[in-house]
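A.B. asks: So here's protein_39.cif (mmCIF, C-alpha atoms).
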```
data_query
#
loop_
_atom_site.label_atom_id
_atom_site.label_comp_id
_atom_site.auth_asym_id
_atom_site.auth_seq_id
_atom_site.Cartn_x
_atom_site.Cartn_y
_atom_site.Cartn_z
CA MET M 84 -9.40 -9.05 -18.92
CA LEU M 85 -5.92 -7.56 -18.87
CA LYS M 86 -5.33 -8.36 -22.56
CA ARG M 87 -7.77 -5.60 -23.47
CA TYR M 88 -5.32 -3.07 -22.00
CA GLY M 89 -2.15 -4.43 -23.59
CA THR M 90 0.68 -6.78 -22.76
CA GLY M 91 2.48 -4.01 -20.88
CA LEU M 92 -0.21 -3.85 -18.20
CA ALA M 93 -0.47 -7.65 -18.02
CA ARG M 94 3.30 -7.94 -17.54
CA TYR M 95 3.30 -5.12 -14.96
CA THR M 96 0.45 -6.75 -13.00
CA ILE M 97 2.09 -10.18 -12.94
CA GLY M 98 5.38 -8.68 -11.75
CA ALA M 99 3.67 -6.56 -9.09
CA ALA M 100 1.66 -9.55 -7.85
CA ALA M 101 4.77 -11.72 -7.55
CA ALA M 102 6.83 -9.08 -5.73
CA ARG M 103 4.03 -8.07 -3.38
CA THR M 104 3.15 -11.68 -2.55
CA GLY M 105 6.80 -12.30 -1.72
CA ASP M 106 6.83 -9.18 0.44
CA GLU M 107 3.66 -10.18 2.33
CA MET M 108 5.13 -13.65 2.75
CA SER M 109 8.47 -12.42 4.09
CA GLY M 110 7.22 -11.18 7.47
CA PRO M 111 5.51 -14.43 8.58
CA ALA M 112 8.34 -16.47 7.04
CA LEU M 113 11.01 -14.59 8.98
CA LEU M 114 9.00 -14.95 12.18
CA LEU M 115 8.78 -18.72 11.69
CA ALA M 116 12.44 -19.04 10.73
CA SER M 117 13.61 -16.92 13.66
CA LEU M 118 11.56 -18.93 16.14
CA ALA M 119 12.91 -22.17 14.70
CA ALA M 120 16.54 -20.97 14.79
CA THR M 121 16.63 -19.11 18.11
CA GLY M 122 13.58 -20.28 20.04
CA SER M 123 13.07 -16.65 21.13
CA ALA M 124 9.76 -14.91 20.46
CA ALA M 125 11.40 -11.60 21.45
CA THR M 126 14.06 -11.98 18.77
CA ALA M 127 11.46 -12.92 16.18
CA SER M 128 9.27 -9.91 16.95
CA ALA M 129 12.29 -7.59 17.01
CA LEU M 130 13.28 -8.86 13.58
CA LEU M 131 9.83 -8.11 12.17
CA ALA M 132 9.77 -4.71 13.86
CA GLY M 133 13.13 -3.79 12.34
CA LEU M 134 11.90 -4.77 8.88
CA THR M 135 8.70 -2.72 9.29
CA VAL M 136 10.09 0.43 10.90
CA ALA M 137 12.88 0.69 8.35
CA ALA M 138 10.33 0.57 5.54
CA ALA M 139 8.66 3.67 6.98
CA VAL M 140 12.00 5.50 6.87
CA GLY M 141 13.16 4.23 3.48
CA GLY M 142 10.05 5.21 1.51
CA PRO M 143 10.79 8.91 0.95
CA LEU M 144 14.41 8.19 -0.01
CA ILE M 145 13.48 5.45 -2.49
CA GLY M 146 10.88 7.76 -4.05
CA ALA M 147 13.30 10.68 -4.35
CA LEU M 148 15.83 8.47 -6.11
CA LEU M 149 13.17 7.14 -8.50
CA ASP M 150 12.23 10.71 -9.39
CA ARG M 151 15.84 11.60 -10.21
CA THR M 152 16.54 8.84 -12.73
CA PRO M 153 15.35 8.67 -16.35
CA ARG M 154 15.32 4.84 -16.09
CA PRO M 155 13.37 4.14 -12.89
CA GLY M 156 12.95 0.48 -13.87
CA ARG M 157 16.65 -0.13 -13.38
CA LEU M 158 16.65 1.40 -9.92
CA LEU M 159 13.49 -0.50 -9.04
CA SER M 160 15.03 -3.80 -10.14
CA ALA M 161 18.15 -3.07 -8.07
CA ALA M 162 15.97 -2.42 -5.02
CA LEU M 163 14.08 -5.67 -5.59
CA ALA M 164 17.33 -7.62 -5.97
CA GLY M 165 18.71 -6.04 -2.80
CA TYR M 166 15.54 -6.83 -0.87
CA ALA M 167 15.52 -10.48 -1.96
CA ALA M 168 19.23 -10.87 -1.23
CA ALA M 169 18.86 -9.27 2.21
CA LEU M 170 16.11 -11.73 3.13
CA LEU M 171 18.46 -14.61 2.31
CA VAL M 172 21.30 -13.00 4.27
CA VAL M 173 19.00 -12.61 7.30
CA LEU M 174 18.11 -16.28 6.98
CA GLY M 175 21.79 -17.21 6.86
CA CYS M 176 22.52 -15.10 9.95
CA LEU M 177 19.80 -16.54 12.15
CA GLY M 178 21.31 -18.48 15.02
CA ARG M 179 24.82 -18.17 13.56
CA VAL M 180 25.83 -14.57 14.23
CA PRO M 181 25.01 -12.08 17.01
CA THR M 182 21.37 -10.98 17.03
CA ALA M 183 22.33 -7.31 16.63
CA LEU M 184 23.97 -8.03 13.29
CA THR M 185 20.94 -9.98 12.07
CA LEU M 186 18.69 -7.10 13.06
CA ALA M 187 20.93 -4.66 11.20
CA VAL M 188 20.54 -6.67 7.99
CA ALA M 189 16.76 -6.77 8.50
CA VAL M 190 16.72 -2.99 8.84
CA LEU M 191 18.67 -2.63 5.59
CA ALA M 192 16.17 -4.93 3.88
CA GLY M 193 13.30 -2.87 5.23
CA LEU M 194 14.71 0.31 3.74
CA LEU M 195 14.16 -1.20 0.29
CA GLY M 196 10.66 -2.52 0.99
CA PRO M 197 8.72 0.59 -0.18
CA ALA M 198 10.00 0.01 -3.72
CA ILE M 199 7.61 -2.95 -3.92
CA ALA M 200 4.56 -0.92 -2.91
CA GLY M 201 4.66 2.76 -3.83
CA GLY M 202 7.68 2.49 -6.12
CA TRP M 203 5.90 0.06 -8.43
CA THR M 204 2.61 1.96 -8.54
CA SER M 205 4.32 5.27 -9.26
CA GLN M 206 5.48 3.81 -12.59
CA LEU M 207 1.99 2.79 -13.78
CA PRO M 208 1.32 5.98 -15.83
CA GLY M 209 4.28 5.01 -18.03
CA VAL M 210 2.75 1.60 -18.76
CA VAL M 211 -0.79 2.58 -19.84
CA THR M 212 -2.43 5.52 -21.56
CA PRO M 213 -4.08 8.24 -19.46
CA ARG M 214 -7.48 6.96 -20.61
CA ALA M 215 -6.76 3.47 -19.29
CA LEU M 216 -5.15 4.61 -16.02
CA PRO M 217 -8.25 4.56 -13.77
CA ARG M 218 -9.06 0.95 -14.57
CA ALA M 219 -5.39 -0.07 -14.55
CA ASN M 220 -5.23 1.34 -11.03
CA ALA M 221 -7.98 -1.07 -9.97
CA TYR M 222 -5.99 -4.03 -11.31
CA ASP M 223 -2.91 -2.75 -9.51
CA ALA M 224 -4.87 -2.55 -6.26
CA MET M 225 -5.96 -6.14 -6.73
CA THR M 226 -2.31 -7.24 -6.56
CA PHE M 227 -2.15 -5.88 -3.00
CA ASN M 228 -5.36 -7.67 -2.07
CA ALA M 229 -4.17 -10.93 -3.60
CA ALA M 230 -0.77 -10.64 -1.91
CA GLY M 231 -2.41 -10.02 1.47
CA LEU M 232 -4.48 -13.15 0.95
CA LEU M 233 -1.79 -15.45 -0.46
CA GLY M 234 1.41 -14.31 1.25
CA PRO M 235 0.79 -15.50 4.83
CA ALA M 236 -0.90 -18.68 3.58
CA LEU M 237 2.07 -19.54 1.36
CA ALA M 238 4.47 -18.90 4.25
CA GLY M 239 2.59 -21.35 6.42
CA LEU M 240 2.32 -23.93 3.64
CA ALA M 241 6.01 -23.75 2.70
CA ALA M 242 7.04 -24.01 6.35
CA HIS M 243 4.76 -27.02 6.84
CA LEU M 244 6.01 -28.84 3.75
CA ALA M 245 9.72 -28.00 3.77
CA GLY M 246 10.56 -26.13 6.96
CA ALA M 247 10.64 -22.51 8.07
CA ASP M 248 13.83 -21.74 6.12
CA ALA M 249 12.12 -22.76 2.89
CA ALA M 250 9.39 -20.19 3.49
CA VAL M 251 11.99 -17.39 3.50
CA VAL M 252 13.63 -18.77 0.35
CA VAL M 253 10.28 -18.89 -1.46
CA SER M 254 9.45 -15.32 -0.45
CA ALA M 255 12.81 -14.09 -1.77
CA ALA M 256 12.30 -16.06 -4.99
CA LEU M 257 8.90 -14.45 -5.59
CA VAL M 258 10.42 -10.99 -5.20
CA ALA M 259 13.23 -11.96 -7.58
CA LEU M 260 10.69 -13.17 -10.17
CA ALA M 261 9.64 -9.55 -10.64
CA LEU M 262 13.15 -8.41 -11.66
CA PRO M 263 12.69 -8.88 -15.44
CA VAL M 264 9.41 -6.97 -15.31
CA ALA M 265 11.02 -4.09 -13.42
CA LEU M 266 13.88 -3.93 -15.91
CA ALA M 267 11.38 -3.79 -18.78
CA LEU M 268 9.47 -0.82 -17.35
CA PRO M 269 9.56 2.08 -19.82
CA PRO M 270 11.84 5.08 -19.25
CA ARG M 271 10.36 8.39 -18.29
CA THR M 272 9.12 10.10 -21.43
CA ASP M 273 7.58 13.27 -20.00
CA ARG M 274 9.56 16.44 -20.42
CA ASN M 275 10.30 16.53 -16.71
CA ALA M 276 12.41 13.39 -17.13
CA THR M 277 15.31 15.56 -18.18
CA ASP M 278 14.65 18.72 -16.20
CA GLY M 279 13.38 17.10 -12.98
CA PRO M 280 15.06 17.26 -9.59
CA THR M 281 18.66 18.38 -9.87
CA GLY M 282 19.34 19.67 -6.36
CA SER M 283 20.40 17.74 -3.31
CA ILE M 284 18.50 14.72 -2.03
CA ARG M 285 17.61 16.76 1.07
CA ALA M 286 16.03 19.45 -1.11
CA ASP M 287 14.11 16.85 -3.09
CA LEU M 288 12.81 15.23 0.09
CA ALA M 289 11.70 18.61 1.42
CA ALA M 290 9.90 19.35 -1.87
CA GLY M 291 8.08 16.03 -1.70
CA PHE M 292 6.90 16.56 1.86
CA ARG M 293 5.79 20.11 1.03
CA ALA M 294 3.75 18.80 -1.91
CA ILE M 295 1.99 16.24 0.26
CA VAL M 296 1.21 18.85 2.92
CA ARG M 297 0.28 21.80 0.68
CA ILE M 298 -1.66 20.12 -2.16
CA ALA M 299 -5.01 19.83 -0.40
CA PRO M 300 -6.41 16.64 -2.02
CA LEU M 301 -3.09 14.86 -1.41
CA ALA M 302 -2.99 16.04 2.20
CA ARG M 303 -6.55 14.88 2.84
CA ALA M 304 -6.00 11.49 1.21
CA THR M 305 -2.71 10.96 3.05
CA LYS M 306 -4.11 11.87 6.47
CA THR M 307 -7.29 9.89 5.94
CA SER M 308 -5.57 6.75 4.72
CA ALA M 309 -2.88 6.86 7.43
CA ILE M 310 -5.40 7.21 10.26
CA SER M 311 -7.65 4.62 8.66
CA CYS M 312 -4.68 2.27 8.42
CA ALA M 313 -4.17 2.68 12.17
CA GLY M 314 -7.70 1.36 12.66
CA GLN M 315 -6.93 -1.57 10.38
CA GLY M 316 -3.78 -2.27 12.38
CA MET M 317 -5.90 -2.45 15.52
CA LEU M 318 -8.08 -5.09 13.89
CA ILE M 319 -5.05 -7.18 12.92
CA ALA M 320 -3.76 -7.05 16.49
CA CYS M 321 -7.18 -8.13 17.78
CA ALA M 322 -7.52 -11.05 15.36
CA PRO M 323 -6.08 -13.79 17.63
CA LEU M 324 -8.34 -12.75 20.52
CA ILE M 325 -11.35 -12.57 18.20
CA GLY M 326 -10.63 -16.14 17.16
CA GLN M 327 -10.17 -17.27 20.75
CA GLN M 328 -13.27 -15.61 22.18
CA ALA M 329 -15.76 -16.01 19.34
CA LEU M 330 -14.57 -18.49 16.73
CA GLY M 331 -13.18 -21.44 18.67
CA GLY M 332 -9.42 -20.82 18.50
CA THR M 333 -6.77 -18.17 17.97
CA SER M 334 -5.95 -19.49 14.49
CA GLN M 335 -9.53 -18.83 13.39
CA GLY M 336 -8.83 -15.12 13.70
CA THR M 337 -6.50 -15.37 10.72
CA VAL M 338 -9.31 -17.02 8.76
CA LEU M 339 -11.37 -13.91 9.42
CA LEU M 340 -8.56 -11.78 7.99
CA SER M 341 -8.52 -13.99 4.91
CA VAL M 342 -12.22 -13.23 4.45
CA VAL M 343 -11.40 -9.52 4.58
CA ALA M 344 -8.67 -9.91 1.93
CA LEU M 345 -10.91 -12.06 -0.29
CA ALA M 346 -13.76 -9.54 -0.07
CA ALA M 347 -11.37 -6.71 -0.97
CA LEU M 348 -10.08 -8.65 -3.98
CA ALA M 349 -13.59 -9.51 -5.16
CA THR M 350 -14.81 -5.92 -4.75
CA ASN M 351 -11.94 -4.45 -6.75
CA ALA M 352 -12.40 -7.09 -9.45
CA LEU M 353 -16.09 -6.17 -9.67
CA LEU M 354 -15.39 -2.44 -9.80
CA ALA M 355 -12.74 -2.95 -12.49
CA ARG M 356 -15.47 -4.39 -14.73
CA HIS M 357 -18.45 -2.35 -13.51
CA PRO M 358 -17.16 0.91 -12.03
CA ALA M 359 -19.25 2.96 -9.61
CA PRO M 360 -20.22 6.53 -10.58
CA LEU M 361 -18.15 8.18 -7.84
CA SER M 362 -15.00 10.27 -7.82
CA PRO M 363 -11.93 8.87 -6.02
CA ASP M 364 -12.35 11.53 -3.32
CA ALA M 365 -15.94 10.42 -2.67
CA VAL M 366 -14.88 6.77 -2.60
CA VAL M 367 -12.30 7.49 0.12
CA GLY M 368 -14.97 9.15 2.26
CA TRP M 369 -17.68 6.53 1.81
CA SER M 370 -15.32 3.58 2.21
CA THR M 371 -13.93 5.02 5.45
CA ALA M 372 -17.47 5.39 6.78
CA VAL M 373 -18.18 1.74 5.94
CA LEU M 374 -14.97 0.70 7.73
CA ALA M 375 -16.19 2.46 10.87
CA LEU M 376 -19.56 0.72 10.62
CA ALA M 377 -17.94 -2.68 10.07
CA LEU M 378 -15.64 -2.35 13.07
CA ALA M 379 -18.57 -1.28 15.27
CA LEU M 380 -20.42 -4.39 14.08
CA ALA M 381 -17.38 -6.55 14.88
CA ALA M 382 -17.39 -5.16 18.43
CA THR M 383 -20.46 -7.31 19.14
CA VAL M 384 -18.05 -10.29 18.95
CA HIS M 385 -20.87 -12.49 17.61
CA PRO M 386 -19.78 -15.05 14.98
CA VAL M 387 -22.40 -14.05 12.41
CA ALA M 388 -21.76 -10.35 12.98
CA LEU M 389 -18.02 -10.94 12.68
CA LEU M 390 -18.44 -12.64 9.30
CA ALA M 391 -20.63 -9.79 8.04
CA ALA M 392 -18.11 -7.27 9.40
CA ALA M 393 -15.24 -9.03 7.61
CA VAL M 394 -17.09 -8.86 4.29
CA LEU M 395 -17.87 -5.17 4.83
CA LEU M 396 -14.26 -4.44 5.81
CA GLY M 397 -12.94 -6.01 2.62
CA ALA M 398 -15.59 -4.34 0.47
CA ALA M 399 -14.44 -0.97 1.86
CA GLU M 400 -10.67 -1.54 2.13
CA GLY M 401 -10.25 -2.50 -1.52
CA PRO M 402 -11.93 0.57 -3.05
CA GLN M 403 -10.37 2.90 -0.47
CA LEU M 404 -6.87 1.78 -1.44
CA THR M 405 -7.72 2.09 -5.11
CA ALA M 406 -9.14 5.57 -4.68
CA VAL M 407 -6.17 6.85 -2.66
CA PHE M 408 -3.84 5.78 -5.45
CA ALA M 409 -6.05 7.48 -8.03
CA ILE M 410 -5.83 10.74 -6.08
CA ARG M 411 -2.04 10.46 -5.94
CA HIS M 412 -1.84 9.85 -9.69
CA ARG M 413 -4.13 12.81 -10.34
CA GLU M 414 -2.49 15.30 -8.00
CA ALA M 415 1.22 14.38 -7.87
CA PRO M 416 3.56 16.58 -9.92
CA HIS M 417 5.53 14.52 -12.44
CA ARG M 418 8.86 15.37 -10.88
CA LEU M 419 7.73 14.16 -7.43
CA ARG M 420 5.47 11.24 -8.34
CA GLY M 421 7.73 8.45 -7.07
CA GLN M 422 8.40 10.19 -3.77
CA ILE M 423 4.74 10.96 -3.14
CA PHE M 424 3.79 7.31 -3.66
CA THR M 425 6.55 5.85 -1.53
CA THR M 426 6.16 8.47 1.20
CA GLY M 427 2.41 7.87 1.26
CA ALA M 428 3.04 4.15 1.67
CA SER M 429 5.50 4.84 4.50
CA VAL M 430 3.06 7.11 6.34
CA LYS M 431 0.35 4.46 6.09
CA LEU M 432 2.76 1.84 7.38
CA SER M 433 3.57 4.04 10.36
CA GLY M 434 -0.14 4.46 11.08
CA PHE M 435 -0.63 0.71 10.90
CA ALA M 436 2.21 0.10 13.35
CA VAL M 437 0.86 2.67 15.84
CA GLY M 438 -2.62 1.18 15.68
CA ALA M 439 -1.37 -2.38 16.15
CA ALA M 440 0.76 -1.34 19.13
CA ALA M 441 -2.11 0.53 20.78
CA ALA M 442 -4.60 -2.29 20.31
CA GLY M 443 -2.66 -4.85 22.36
CA PRO M 444 -3.25 -3.36 25.83
CA LEU M 445 -6.84 -2.40 24.93
CA ALA M 446 -7.73 -5.86 23.64
CA THR M 447 -6.24 -7.50 26.74
CA ARG M 448 -8.52 -5.35 28.87
CA SER M 449 -11.62 -5.57 26.68
CA LEU M 450 -11.89 -6.87 23.10
CA PRO M 451 -15.14 -4.97 22.33
CA LEU M 452 -13.51 -1.78 23.66
CA ALA M 453 -10.53 -2.26 21.33
CA LEU M 454 -12.79 -2.81 18.32
CA LEU M 455 -14.98 0.20 19.20
CA THR M 456 -11.81 2.27 19.51
CA ALA M 457 -10.79 1.09 16.04
CA ALA M 458 -14.22 2.21 14.77
CA ALA M 459 -13.67 5.61 16.43
CA VAL M 460 -10.29 5.87 14.69
CA GLN M 461 -12.06 5.36 11.35
CA LEU M 462 -14.50 8.14 12.23
CA LEU M 463 -11.52 10.39 12.97
CA ALA M 464 -10.13 9.50 9.55
CA LEU M 465 -13.49 10.41 8.02
CA LEU M 466 -13.41 13.82 9.72
CA CYS M 467 -10.00 14.45 8.13
CA HIS M 468 -11.59 13.82 4.73
CA ALA M 469 -14.70 15.87 5.38
CA PRO M 470 -15.93 17.70 2.23
CA TRP M 471 -16.00 21.04 4.01
CA ARG M 472 -12.17 21.03 4.28
CA ARG M 473 -11.12 23.27 1.40
CA PRO M 474 -7.68 23.65 -0.25
CA ASP M 475 -5.25 25.95 1.55
CA PRO M 476 -5.68 29.38 -0.09
CA PHE M 477 -2.10 30.19 0.86
CA GLY M 478 -0.65 27.09 -0.77
CA PRO M 479 1.93 27.67 -3.51
CA PRO M 480 0.67 27.72 -7.09
CA ARG M 481 1.54 24.85 -9.38
CA SER M 482 4.58 25.48 -11.53
CA SER M 483 4.40 25.22 -15.28
CA ASP M 484 6.43 22.03 -15.06
CA ASP M 485 3.54 20.40 -13.23
CA ALA M 486 0.97 21.30 -15.87
CA PRO M 487 1.42 18.14 -17.99
CA SER M 488 0.74 16.01 -14.91
CA ARG M 489 -2.45 17.91 -14.16
CA ARG M 490 -3.68 17.68 -17.76
CA ILE M 491 -2.92 13.99 -18.11
CA ASP M 492 -4.40 13.00 -14.75
CA ALA M 493 -7.40 15.25 -15.28
CA GLN M 494 -8.13 13.44 -18.53
CA GLY M 495 -8.02 10.14 -16.67
CA ALA M 496 -10.28 11.48 -13.93
CA THR M 497 -12.74 12.90 -16.48
CA GLN M 498 -12.89 9.61 -18.29
CA ALA M 499 -13.37 7.83 -14.98
CA GLY M 500 -16.34 9.99 -14.21
CA ALA M 501 -17.79 9.58 -17.68
CA ASP M 502 -17.52 5.83 -17.46
CA GLY M 503 -18.66 5.71 -13.84
CA ARG M 504 -15.32 4.52 -12.52
CA THR M 505 -14.12 4.66 -8.96
CA GLY M 506 -10.82 5.87 -10.26
CA ALA M 507 -7.93 4.03 -8.75
CA ALA M 508 -5.21 1.80 -7.17
CA GLY M 509 -3.63 0.36 -4.22
CA GLU M 510 -0.97 -1.03 -0.63
CA ARG M 511 -0.63 -2.92 2.42
#
```
Can the structure from this file be put into structure tokens for me?

C.D. replies:
Amino acid sequence: MLKRYGTGLARYTIGAAAARTGDEMSGPALLLASLAATGSAATASALLAGLTVAAAVGGPLIGALLDRTPRPGRLLSAALAGYAAALLVVLGCLGRVPTALTLAVAVLAGLLGPAIAGGWTSQLPGVVTPRALPRANAYDAMTFNAAGLLGPALAGLAAHLAGADAAVVVSAALVALALPVALALPPRTDRNATDGPTGSIRADLAAGFRAIVRIAPLARATKTSAISCAGQGMLIACAPLIGQQALGGTSQGTVLLSVVALAALATNALLARHPAPLSPDAVVGWSTAVLALALALAATVHPVALLAAAVLLGAAEGPQLTAVFAIRHREAPHRLRGQIFTTGASVKLSGFAVGAAAAGPLATRSLPLALLTAAAVQLLALLCHAPWRRPDPFGPPRSSDDAPSRRIDAQGATQAGADGRTGAAGER
């Protein structure tokens, strides 16, 4: 399928899939390796927390740096190399140096993590034509779905076959496999490549945050996806208890999550070939509503209902992610594109972490209550995306420098509507 859109997109997709699978694999692999080396669950969880929290902080900075360079592929490849190397350094530190030092290295690795998610996707408009962008976004989103499905499974398989350390090595190797693809990404060719951000990093970061807040479609998509991601984080936290109470064992909860990832992958693959006649904005709204319905269905904690809920969750998560990326491509000014993508990924990651943390006490008290709360969180996300919320009339007008971005992305959106496409692309 990808050959129809050129070798550039095929190469980009393979590189993104490898890097994102390695990233999804790294968390479970580090948990297993830390437990094997230290025997401390607290140390293992602290290591994962450091990796995750740092990613939320590093996103805006990575994006601002990508927006300042005419050769973003070089910076992206350096970030990937640093991330892979840091994973190996963490592995080497486990059980051999003080825990605080190991955690510090994990935090440094986490700062580079957003390059794999938003940093990659922000470069997609340079790989394909504006006409092909909506469908290319769907393929890009499929790499997230595939990584979410394969990463944890590969970590478990590698640890079973060759030990926990091998799982970390394999995850770093997968990230490193994407280096040649990142280096081959085209330079920025739009006219903003030479007259883009020239002020301080602080000023660039402020401009990026202002754009996300003041450009109404971006603000709605960012708020909706972040709150929705909190609901998804609650489901992840509930998975072991779902397995224990309804499916015969805690490990069966992870099987349910695999069903969600598989359904998301299948739905995006279907929509890439037979797009739905909806705008990306409409897809975000409808998919969030389906997520709320699916989580309410899961709250019955009946095995058949849980399976149906997992399929519905995947069928909604995949298009939602794709549509959010389409909105970012359409609305982001050229000079801030990288920062808007990486910041958006960081905000979603923060929402996920908050939801997962909140679900623990709730699920311990009542699993159905936790799942109904997750459904309510999705309804809150839907309210943030309500169609009656209009753009801020006091928002700043677009500058002339942003006009090429609007024209190019509008062409892609128009074509998407004409062809009946969902629009889009998509993250963890």

A.B. asks: Would you please work out which residue, of M:Glu400, M:Ala112, M:Pro235, M:Ala221, is nearest to M:Ala249 when using only C-alpha atoms?

C.D. replies: M:Ala112

A.B. asks: Name every residue that the PyMOL selection byres ((chain M and resi 308) around 9) selects in this structure, writing the answer as a list in words with chains first and numbers rising.

C.D. replies: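 Answer for the PyMOL selection byres ((chain M and resi 308) around 9): Arg303, Ala304, Thr305, Lys306, Thr307, Ala309, Ile310, Ser311, Cys312, Ala313, Val367, Thr371, Gln403, Leu404, Val407, Gly427, Val430, Lys431, Gly434 and Ala464 of chain M.
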
A.B. asks: Could you tell me, as a PyMOL selection string, exactly which residues end up selected when the PyMOL selection byres ((chain M and resi 202) around 10) is applied to this structure?

C.D. replies: chain M and resi 142+145-146+149-150+155-156+158-159+162+195-201+203-207+420-426+428

A.B. asks: Any chance you could resolve the PyMOL selection byres ((chain M and resi 325) around 12) against this file and give the residues as a PyMOL selection string?

C.D. replies: chain M and resi 317-324+326-340+381-386+388-390+393+446-447+449-451+453-454

A.B. asks: Show me the residues close to (5.1, 0.1, 13.9) - anything with an atom within 12 Å, counting only C-alpha atoms - and format the list as an mmCIF file with C-alpha atoms, in the frame of the given file.

C.D. replies:
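The file below, result-v7.cif, is the result:
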```
data_model
loop_
_atom_site.group_PDB
_atom_site.id
_atom_site.type_symbol
_atom_site.label_atom_id
_atom_site.label_comp_id
_atom_site.auth_asym_id
_atom_site.auth_seq_id
_atom_site.Cartn_x
_atom_site.Cartn_y
_atom_site.Cartn_z
ATOM 1 C CA SER M 128 9.270 -9.910 16.950
ATOM 2 C CA ALA M 129 12.290 -7.590 17.010
ATOM 3 C CA LEU M 131 9.830 -8.110 12.170
ATOM 4 C CA ALA M 132 9.770 -4.710 13.860
ATOM 5 C CA GLY M 133 13.130 -3.790 12.340
ATOM 6 C CA LEU M 134 11.900 -4.770 8.880
ATOM 7 C CA THR M 135 8.700 -2.720 9.290
ATOM 8 C CA VAL M 136 10.090 0.430 10.900
ATOM 9 C CA ALA M 137 12.880 0.690 8.350
ATOM 10 C CA ALA M 138 10.330 0.570 5.540
ATOM 11 C CA ALA M 139 8.660 3.670 6.980
ATOM 12 C CA VAL M 140 12.000 5.500 6.870
ATOM 13 C CA CYS M 312 -4.680 2.270 8.420
ATOM 14 C CA ALA M 313 -4.170 2.680 12.170
ATOM 15 C CA GLY M 316 -3.780 -2.270 12.380
ATOM 16 C CA MET M 317 -5.900 -2.450 15.520
ATOM 17 C CA ALA M 320 -3.760 -7.050 16.490
ATOM 18 C CA SER M 429 5.500 4.840 4.500
ATOM 19 C CA VAL M 430 3.060 7.110 6.340
ATOM 20 C CA LYS M 431 0.350 4.460 6.090
ATOM 21 C CA LEU M 432 2.760 1.840 7.380
ATOM 22 C CA SER M 433 3.570 4.040 10.360
ATOM 23 C CA GLY M 434 -0.140 4.460 11.080
ATOM 24 C CA PHE M 435 -0.630 0.710 10.900
ATOM 25 C CA ALA M 436 2.210 0.100 13.350
ATOM 26 C CA VAL M 437 0.860 2.670 15.840
ATOM 27 C CA GLY M 438 -2.620 1.180 15.680
ATOM 28 C CA ALA M 439 -1.370 -2.380 16.150
ATOM 29 C CA ALA M 440 0.760 -1.340 19.130
ATOM 30 C CA ALA M 441 -2.110 0.530 20.780
ATOM 31 C CA ALA M 442 -4.600 -2.290 20.310
#
```

A.B. asks: Point out the residue among M:Pro143, M:Pro358, M:Pro213, M:Gly401 with the least atom-to-atom distance to M:Gly291, counting all atoms listed in the file.

C.D. replies: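 Smallest separation from M:Gly291 among the options: M:Pro143.
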
A.B. asks: Using all atoms listed in the file, which residue out of M:Val373, M:Val253, M:Leu354, M:Met108 lies closest to M:Leu232?

C.D. replies: M:Met108

A.B. asks: Report as lines of an AutoDock Vina configuration file the centre and the edge lengths, in Å to one decimal, of the axis-aligned box holding every listed atom of stretch 387-393 of chain M, padded by 6 Å on each side.

C.D. replies:
```
center_x = -18.8
center_y = -10.7
center_z = 10.3
size_x = 19.2
size_y = 18.8
size_z = 17.4
```

A.B. asks: Take atom CA of M:Thr104 and atom CA of M:Val366 and report the distance between them in Å, one decimal.

C.D. replies: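 According to the coordinates, atom CA of M:Thr104 and atom CA of M:Val366 are separated by 25.8 Å.
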
A.B. asks: Work out how far atom CA of M:Pro300 is from atom CA of M:Met225, in Å to one decimal.

C.D. replies: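 Result for atom CA of M:Met225 versus atom CA of M:Pro300: 23.3 Å, one decimal.
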
A.B. asks: In Å to one decimal, how far is atom CA of M:Ala365 from atom CA of M:Thr456?

C.D. replies: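 Separating atom CA of M:Thr456 from atom CA of M:Ala365 is a distance of 24.0 Å.
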
A.B. asks: Excluding M:Ala169 and any residue of its chain fewer than 6 positions from it, enumerate the residues within 10 Å of it, using all atoms listed in the file, and give them as JSON, numbers by chain.

C.D. replies: {"M": [163, 175, 188, 189, 190, 191, 192, 193, 195, 255]}

A.B. asks: Would you please work out which residue, of M:Ala238, M:Ala99, M:Ile298, M:Pro270, is nearest to M:Pro208 when using only C-alpha atoms?

C.D. replies: M:Pro270

A.B. asks: Taking all atoms listed in the file into account, which of M:Ala469, M:Ala127, M:Ala406, M:Ala415 comes nearest M:Ala219?

C.D. replies: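 Ranked by minimum distance to M:Ala219, first place goes to M:Ala406.
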
A.B. asks: Using only C-alpha atoms, which of the listed residues (M:Ala147, M:Leu348, M:Ala242, M:Ala261) sits closest to M:Phe292?

C.D. replies: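 Closest candidate: M:Ala147.
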